[in-house]
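Pasted below: coords.txt, compact mmCIF, C-alpha atoms.
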# COMPACT_ATOMS: atom_id res chain seq x y z
CA MET A 725 -4.04 21.12 4.92
CA LEU A 726 -7.04 20.42 7.17
CA GLN A 727 -9.07 19.22 4.19
CA LEU A 728 -6.20 17.01 3.03
CA ALA A 729 -5.83 15.60 6.55
CA GLY A 730 -9.53 14.72 6.56
CA LEU A 731 -9.19 12.90 3.24
CA PHE A 732 -6.13 11.04 4.57
CA ALA A 733 -8.09 9.97 7.66
CA LEU A 734 -10.96 8.72 5.47
CA THR A 735 -8.53 6.82 3.23
CA ALA A 736 -6.84 5.22 6.24
CA LEU A 737 -10.25 4.26 7.63
CA LEU A 738 -11.37 2.59 4.39
CA TYR A 739 -8.11 0.75 3.74
CA ALA A 740 -7.69 -0.39 7.36
CA MET A 741 -11.14 -1.99 7.16
CA VAL A 742 -9.84 -4.33 4.43
CA GLY A 743 -6.36 -4.82 5.88
CA PHE A 744 -4.27 -2.50 3.67
CA GLY A 745 -2.33 0.72 4.25
CA GLY A 746 -3.61 3.08 1.54
CA GLY A 747 -0.27 4.30 0.18
CA SER A 748 -1.39 4.54 -3.45
CA THR A 749 -4.41 6.70 -2.59
CA TYR A 750 -2.37 8.96 -0.26
CA ASN A 751 -0.06 9.59 -3.20
CA ALA A 752 -2.98 10.31 -5.51
CA LEU A 753 -4.52 12.79 -3.09
CA LEU A 754 -1.17 14.59 -2.80
CA VAL A 755 -0.77 14.70 -6.59
CA LEU A 756 -4.25 16.19 -7.00
CA SER A 757 -3.55 18.75 -4.26
CA GLY A 758 -0.47 20.01 -6.11
CA THR A 759 2.21 18.72 -3.71
CA ASP A 760 5.76 18.42 -5.06
CA TYR A 761 5.76 14.90 -6.50
CA ARG A 762 9.23 14.20 -5.09
CA LEU A 763 7.84 14.37 -1.55
CA LEU A 764 4.84 12.14 -2.20
CA PRO A 765 6.29 8.63 -1.76
CA ALA A 766 7.93 9.46 1.60
CA ILE A 767 4.68 10.92 2.98
CA ALA A 768 2.63 7.97 1.70
CA LEU A 769 5.05 5.34 2.98
CA LEU A 770 5.23 6.89 6.45
CA SER A 771 1.42 7.00 6.51
CA ASN A 772 1.39 3.34 5.45
CA ILE A 773 3.68 2.40 8.33
CA ILE A 774 1.45 4.18 10.84
CA VAL A 775 -1.69 2.43 9.58
CA VAL A 776 -0.40 -1.15 9.24
CA SER A 777 1.90 -1.33 12.28
CA GLY A 778 -0.96 -1.98 14.68
CA GLY A 779 -2.61 -4.48 12.35
CA SER A 780 0.64 -6.39 11.82
CA TRP A 781 1.15 -6.65 15.58
CA ARG A 782 -2.40 -7.89 16.13
CA PHE A 783 -2.10 -10.52 13.38
CA TRP A 784 1.20 -11.70 14.85
CA ARG A 785 -0.20 -11.93 18.38
CA ALA A 786 -3.15 -13.94 17.06
CA GLY A 787 -0.82 -16.44 15.35
CA HIS A 788 -1.71 -15.45 11.77
CA VAL A 789 1.84 -14.49 10.72
CA ARG A 790 4.13 -17.41 9.87
CA PHE A 791 7.58 -16.09 9.14
CA ASP A 792 8.79 -19.57 8.15
CA ARG A 793 6.48 -19.37 5.09
CA LEU A 794 6.59 -15.69 4.17
CA TRP A 795 10.33 -14.98 4.23
CA PRO A 796 10.81 -16.00 0.54
CA TRP A 797 8.48 -13.16 -0.50
CA PHE A 798 10.67 -10.72 1.47
CA LEU A 799 13.99 -12.02 0.15
CA LEU A 800 14.15 -9.59 -2.78
CA SER A 801 11.24 -7.27 -1.95
CA ILE A 802 13.10 -5.46 0.84
CA PRO A 803 16.26 -4.53 -1.16
CA ALA A 804 14.10 -3.85 -4.24
CA ALA A 805 11.84 -1.49 -2.28
CA TRP A 806 14.91 0.37 -1.00
CA LEU A 807 16.31 0.55 -4.55
CA GLY A 808 12.98 1.83 -5.88
CA GLY A 809 12.99 4.53 -3.24
CA ARG A 810 16.45 5.63 -4.34
CA ILE A 811 15.60 5.87 -8.06
CA ALA A 812 14.66 9.36 -9.29
CA ILE A 813 11.90 9.39 -11.93
CA SER A 814 10.11 12.18 -13.78
CA GLU A 815 6.72 13.47 -12.66
CA THR A 816 5.02 12.10 -15.79
CA VAL A 817 6.42 8.60 -15.22
CA PHE A 818 5.49 8.80 -11.54
CA ILE A 819 1.87 9.75 -12.26
CA GLY A 820 1.59 7.06 -14.94
CA LEU A 821 2.93 4.34 -12.65
CA LEU A 822 0.75 5.50 -9.78
CA GLY A 823 -2.37 5.68 -11.93
CA GLY A 824 -1.71 2.21 -13.32
CA ALA A 825 -1.11 0.80 -9.83
CA LEU A 826 -4.38 2.32 -8.62
CA LEU A 827 -6.29 0.96 -11.61
CA ILE A 828 -5.04 -2.59 -10.96
CA ALA A 829 -5.73 -2.28 -7.23
CA GLY A 830 -9.22 -0.89 -7.80
CA LEU A 831 -10.17 -3.61 -10.27
CA GLN A 832 -8.80 -6.26 -7.95
CA LEU A 833 -10.95 -5.00 -5.07
CA ALA A 834 -14.00 -4.55 -7.31
CA PHE A 835 -14.03 -8.12 -8.61
CA GLU A 836 -12.38 -10.11 -5.83
CA ARG A 837 -14.63 -12.72 -4.32
CA HIS A 838 -14.77 -13.18 -0.57
CA ALA A 839 -12.27 -15.81 0.52
CA GLY A 840 -13.48 -17.94 3.35
CA ALA A 841 -11.42 -18.32 6.52
CA GLU A 842 -11.69 -22.10 6.12
CA ALA A 843 -9.36 -22.14 3.07
CA THR A 844 -6.49 -24.56 3.43
CA GLU A 845 -2.95 -24.46 2.18
CA GLY A 846 -2.69 -25.07 -1.56
CA ARG A 847 0.02 -24.71 -4.16
CA ALA A 848 3.43 -23.32 -3.23
CA LEU A 849 5.63 -21.59 -5.77
CA LEU A 850 9.30 -22.38 -6.10
CA LEU A 851 11.58 -20.13 -4.05
CA PRO A 852 12.96 -18.20 -7.07
CA LEU A 853 9.41 -17.40 -8.24
CA GLN A 854 8.32 -16.20 -4.79
CA ALA A 855 11.44 -14.07 -4.48
CA GLY A 856 11.06 -12.70 -8.02
CA ILE A 857 7.41 -11.74 -7.58
CA GLY A 858 8.19 -10.18 -4.21
CA GLY A 859 11.08 -8.26 -5.75
CA GLY A 860 8.92 -6.88 -8.56
CA ILE A 861 6.26 -5.72 -6.13
CA GLY A 862 8.92 -4.28 -3.84
CA LEU A 863 10.50 -2.25 -6.66
CA LEU A 864 7.13 -0.73 -7.60
CA SER A 865 6.43 -0.09 -3.91
CA GLY A 866 9.62 1.90 -3.45
CA LEU A 867 9.20 3.86 -6.68
CA VAL A 868 5.71 5.21 -6.07
CA GLY A 869 5.27 4.92 -2.31
CA ILE A 870 3.00 1.92 -1.77
CA GLY A 871 3.37 -1.16 0.40
CA GLY A 872 2.46 -3.74 -2.23
CA GLY A 873 0.15 -5.85 -0.11
CA ILE A 874 -2.78 -5.10 -2.38
CA PHE A 875 -0.89 -6.89 -5.18
CA LEU A 876 0.47 -9.74 -3.05
CA ALA A 877 -2.86 -10.68 -1.43
CA PRO A 878 -4.68 -11.74 -4.65
CA ILE A 879 -1.66 -13.83 -5.69
CA LEU A 880 -1.79 -15.66 -2.36
CA TYR A 881 -5.55 -16.18 -2.68
CA LEU A 882 -5.07 -17.56 -6.18
CA LEU A 883 -2.50 -20.03 -4.85
CA ARG A 884 -4.77 -20.92 -1.90
CA TRP A 885 -1.71 -20.11 0.17
CA GLY A 886 -3.55 -20.35 3.48
CA PRO A 887 -6.57 -19.19 5.48
CA ALA A 888 -7.89 -15.69 4.80
CA ARG A 889 -6.59 -14.28 8.09
CA GLU A 890 -3.12 -15.69 7.45
CA ILE A 891 -3.08 -14.08 4.01
CA ALA A 892 -4.25 -10.78 5.51
CA GLY A 893 -1.54 -10.99 8.16
CA THR A 894 1.12 -11.76 5.56
CA ALA A 895 -0.03 -8.84 3.36
CA SER A 896 0.00 -6.51 6.37
CA VAL A 897 3.57 -7.45 7.34
CA PHE A 898 4.62 -7.27 3.67
CA ILE A 899 3.29 -3.71 3.51
CA LEU A 900 5.11 -2.80 6.71
CA VAL A 901 8.56 -4.09 5.75
CA ASN A 902 8.39 -2.77 2.17
CA SER A 903 7.20 0.62 3.42
CA LEU A 904 10.12 0.78 5.86
CA ALA A 905 12.62 -0.18 3.14
CA GLY A 906 11.07 2.16 0.57
CA LEU A 907 10.91 5.03 3.06
CA THR A 908 14.62 4.59 3.85
CA GLY A 909 15.46 4.92 0.16
CA GLN A 910 13.12 7.86 -0.33
CA LEU A 911 14.58 9.76 2.65
CA MET A 912 18.11 9.18 1.37
CA LYS A 913 17.05 10.52 -2.04
CA LEU A 914 15.36 13.56 -0.50
CA ASP A 915 18.46 14.21 1.59
CA ASP A 916 20.52 14.25 -1.60
CA PHE A 917 18.28 17.06 -2.87
CA GLY A 918 18.08 18.82 0.52
CA GLN A 919 14.31 18.34 0.77
CA VAL A 920 13.88 16.22 3.92
CA GLU A 921 12.92 19.28 5.99
CA ALA A 922 9.98 19.96 3.65
CA LEU A 923 8.20 16.89 5.07
CA GLN A 924 7.61 18.81 8.32
CA ASP A 925 4.94 20.88 6.59
CA TYR A 926 2.77 17.75 6.31
CA TRP A 927 2.94 16.63 9.95
CA LEU A 928 -0.85 16.95 10.40
CA LEU A 929 -1.42 14.07 7.97
CA PHE A 930 0.24 11.53 10.27
CA PRO A 931 -2.05 11.82 13.33
CA ALA A 932 -4.95 11.88 10.84
CA VAL A 933 -4.05 8.46 9.41
CA LEU A 934 -3.38 7.12 12.91
CA ILE A 935 -6.91 8.02 14.00
CA GLY A 936 -8.52 6.85 10.75
CA GLY A 937 -6.59 3.59 10.76
CA GLN A 938 -7.52 2.74 14.32
CA ILE A 939 -11.21 3.41 13.69
CA GLY A 940 -11.16 1.50 10.40
CA SER A 941 -9.51 -1.60 11.83
CA ARG A 942 -12.10 -1.79 14.59
CA ILE A 943 -15.08 -1.23 12.27
CA GLY A 944 -13.79 -3.66 9.69
CA SER A 945 -13.38 -6.45 12.22
CA THR A 946 -16.74 -6.07 13.96
CA ARG A 947 -19.32 -3.97 12.09
CA LEU A 948 -19.35 -4.13 8.27
CA PRO A 949 -19.18 -7.07 5.82
CA PRO A 950 -15.62 -7.12 4.39
CA LEU A 951 -16.91 -7.58 0.82
CA LEU A 952 -19.09 -4.44 1.05
CA VAL A 953 -16.14 -2.42 2.35
CA LYS A 954 -13.96 -3.68 -0.53
CA ARG A 955 -16.53 -2.59 -3.11
CA MET A 956 -16.85 0.87 -1.52
CA THR A 957 -13.07 1.26 -1.45
CA ALA A 958 -12.81 0.09 -5.09
CA VAL A 959 -15.14 2.86 -6.26
CA LEU A 960 -12.95 5.49 -4.58
CA ILE A 961 -9.72 4.01 -5.97
CA LEU A 962 -11.02 3.72 -9.54
CA TYR A 963 -12.28 7.32 -9.51
CA VAL A 964 -8.88 8.62 -8.40
CA ALA A 965 -7.08 6.31 -10.88
CA ALA A 966 -9.16 7.70 -13.75
CA ARG A 967 -8.24 11.28 -12.80
CA LEU A 968 -4.54 10.46 -12.56
CA LEU A 969 -4.44 8.52 -15.83
CA TRP A 970 -6.25 11.35 -17.62
CA ARG A 971 -3.69 13.80 -16.23
CA TRP A 972 -0.87 11.46 -17.35
CA TRP A 973 -2.38 11.12 -20.85
CA THR A 974 -2.79 14.86 -21.30
CA ALA A 975 0.81 15.41 -20.17
CA LEU A 976 2.03 12.92 -22.79
CA ALA A 977 -0.12 14.50 -25.49
CA ALA A 978 1.06 18.03 -24.70
This entry written out as structure tokens:
Amino acid sequence: MLQLAGLFALTALLYAMVGFGGGSTYNALLVLSGTDYRLLPAIALLSNIIVVSGGSWRFWRAGHVRFDRLWPWFLLSIPAAWLGGRIAISETVFIGLLGGALLIAGLQLAFERHAGAEATEGRALLLPLQAGIGGGIGLLSGLVGIGGGIFLAPILYLLRWGPAREIAGTASVFILVNSLAGLTGQLMKLDDFGQVEALQDYWLLFPAVLIGGQIGSRIGSTRLPPLLVKRMTAVLILYVAARLLWRWWTALAA
């Protein structure tokens, strides 16, 4: 458990430096450590909440969170994240979805260009499209225990939705609310199976991500170039994605 806590702290540090929570990688680490897959999303989502809460508050205090513009993305994402948390899926499907999510996230970080803070507002999608995209991301978030910000952020950059800090603030709040909704669904599902108490065995992971997240957010904002941090994080994500997808493929072939 100490080794796993150290890896969680490192993951929180890396993701916090680029403004994300790290839910997908927490899940992957738990899968590779042999943890019961039914517990994974709840642990990852709670870790997400711990890491992004502080960042969301700081972005809001700095005026980078505009609820009048971001509510359409939340319209369906919150109920969809809760629904995803309630849905029971097999371990093979879970690992396949998680591996695919990590692959997309890793490639996005590996090839994303640095977006300047001077970017101005560009195209706006129609309300049904924003709600639909948010709902799709929310459903995946609840199913596998991620916040979804790592998928929303590149969409907003593509649309030139606003300045880089406003996009980062929106992604951070998106992760927070989806993680809360997904966690609620996951806890209800675990309660149905009488497994909520099993989460107590992993309590050490939560102070670990708190410490790692605090350090990462400070380093990311003052010490290292954001693009360098993204590339470093992408290498880690793609390595873990490859291991998970290989495990998923061998399970299907068996």
At a cut-off of 10 Å, using only C-alpha atoms, what residues contact segment 926-930 of chain A? Leave out same-chain residues fewer than 5 positions from it and give the result as a list in words.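 The filter keeps Met725, Leu726, Gln727, Leu728, Ala729, Gly730, Leu731, Phe732, Ala733, Tyr750, Leu763, Ile767, Ala768, Leu770, Ser771, Asn772, Ile773, Ile774, Val775, Ile935 and Gly936 of chain A.
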Serialized selection, C-alpha atoms, as a short mmCIF file (atom, residue, chain, number, x, y, z; two decimals), keeping the file's coordinate frame:
data_model
loop_
_atom_site.label_atom_id
_atom_site.label_comp_id
_atom_site.auth_asym_id
_atom_site.auth_seq_id
_atom_site.Cartn_x
_atom_site.Cartn_y
_atom_site.Cartn_z
CA MET A 725 -4.04 21.12 4.92
CA LEU A 726 -7.04 20.42 7.17
CA GLN A 727 -9.07 19.22 4.19
CA LEU A 728 -6.20 17.01 3.03
CA ALA A 729 -5.83 15.60 6.55
CA GLY A 730 -9.53 14.72 6.56
CA LEU A 731 -9.19 12.90 3.24
CA PHE A 732 -6.13 11.04 4.57
CA ALA A 733 -8.09 9.97 7.66
CA TYR A 750 -2.37 8.96 -0.26
CA LEU A 763 7.84 14.37 -1.55
CA ILE A 767 4.68 10.92 2.98
CA ALA A 768 2.63 7.97 1.70
CA LEU A 770 5.23 6.89 6.45
CA SER A 771 1.42 7.00 6.51
CA ASN A 772 1.39 3.34 5.45
CA ILE A 773 3.68 2.40 8.33
CA ILE A 774 1.45 4.18 10.84
CA VAL A 775 -1.69 2.43 9.58
CA ILE A 935 -6.91 8.02 14.00
CA GLY A 936 -8.52 6.85 10.75
#
Excluding Arg782 of chain A and any residue of its chain fewer than 6 positions from it, enumerate the residues within 12 Å of it, using only C-alpha atoms, and give them as a list in words.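 Using only C-alpha atoms, the neighbours found are Gly743, Val776, His788, Val789, Arg889, Glu890, Ala892, Gly893, Thr894, Ser896, Val897, Gln938, Ser941, Arg942 and Ser945 of chain A.
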Using all atoms listed in the file, which of the listed residues (A:Ala966, A:Trp972, A:Ile870, A:Leu960) sits closest to Thr735 of chain A? A:Leu960
Between A:Arg790, A:Ser780, A:Ala752, A:Leu934, which has the minimum distance to Pro887 of chain A (counting only C-alpha atoms)? A:Arg790
Close residues, Ala812 of chain A itself excluded, 12 Å, all atoms listed in the file, min 3 positions apart in chain, as a ChimeraX atom specification: /A:761-763,765,807-809,815-818,866-868,909-914,916-917
Using only C-alpha atoms, pick whichever of A:Ala786, A:Ala975, A:Leu876, A:Ile943 has the shortest atom-to-atom distance to Ala855 of chain A.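 The answer is A:Leu876, which sits nearest to Ala855 of chain A.
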Å distance separating atom CA of Arg967 of chain A from atom CA of Ala829 of chain A, one decimal place: 14.9 Å
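Around Pro852 of chain A, within 12 Å and counting all atoms listed in the file, the residues found are Pro796, Trp797, Phe798, Leu799, Leu800, Ala848, Leu849, Ala855, Gly856, Ile857, Gly858 and Gly859 of chain A, once anything fewer than 3 positions away on its own chain is removed.
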Hey, can you spit out that residue selection with C-alpha atoms as a PDB file, keeping the file's coordinate frame?
ATOM      1  CA  PRO A 796      10.810 -16.000   0.540  1.00  0.00           C
ATOM      2  CA  TRP A 797       8.480 -13.160  -0.500  1.00  0.00           C
ATOM      3  CA  PHE A 798      10.670 -10.720   1.470  1.00  0.00           C
ATOM      4  CA  LEU A 799      13.990 -12.020   0.150  1.00  0.00           C
ATOM      5  CA  LEU A 800      14.150  -9.590  -2.780  1.00  0.00           C
ATOM      6  CA  ALA A 848       3.430 -23.320  -3.230  1.00  0.00           C
ATOM      7  CA  LEU A 849       5.630 -21.590  -5.770  1.00  0.00           C
ATOM      8  CA  ALA A 855      11.440 -14.070  -4.480  1.00  0.00           C
ATOM      9  CA  GLY A 856      11.060 -12.700  -8.020  1.00  0.00           C
ATOM     10  CA  ILE A 857       7.410 -11.740  -7.580  1.00  0.00           C
ATOM     11  CA  GLY A 858       8.190 -10.180  -4.210  1.00  0.00           C
ATOM     12  CA  GLY A 859      11.080  -8.260  -5.750  1.00  0.00           C
TER      13      GLY A 859
END
Could you check how far atom CA of Pro931 of chain A sits from atom CA of Leu738 of chain A, in Å to one decimal?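 Separation of atom CA of Pro931 of chain A and atom CA of Leu738 of chain A: 15.9 Å.
Nearest residue to Leu831 of chain A, choosing from A:Ile961, A:Val920, A:Gly906, A:Ala895 and counting all atoms listed in the file: A:Ile961.
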If you measure from atom CA of Asp792 of chain A to atom CA of Val901 of chain A, what distance in Å do you get, rounded to one decimal?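 Straight-line distance from atom CA of Asp792 of chain A to atom CA of Val901 of chain A works out to 15.7 Å.
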Counting all atoms listed in the file, which of A:Gly871, A:Gly940, A:Gly820, A:Pro878 gets nearest to Thr974 of chain A?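 Checking each of A:Gly871, A:Gly940, A:Gly820, A:Pro878 against Thr974 of chain A, counting all atoms listed in the file, the winner is A:Gly820.
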Counting all atoms listed in the file, which residue out of A:Gly758, A:Gly746, A:Gly787, A:Gly869 sits closest to Leu822 of chain A?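 Nearest candidate to Leu822 of chain A out of A:Gly758, A:Gly746, A:Gly787, A:Gly869: A:Gly869.
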Ala905 of chain A surroundings by all atoms listed in the file, 6 Å radius, close-in-sequence under 4 positions cut, as a list in words: Ile802, Ala805 and Trp806 of chain A
Take the selection from the previous step and output its residues with C-alpha atoms, as a PDB file, in the coordinates of the input.
ATOM      1  CA  ILE A 802      13.100  -5.460   0.840  1.00  0.00           C
ATOM      2  CA  ALA A 805      11.840  -1.490  -2.280  1.00  0.00           C
ATOM      3  CA  TRP A 806      14.910   0.370  -1.000  1.00  0.00           C
TER       4      TRP A 806
END
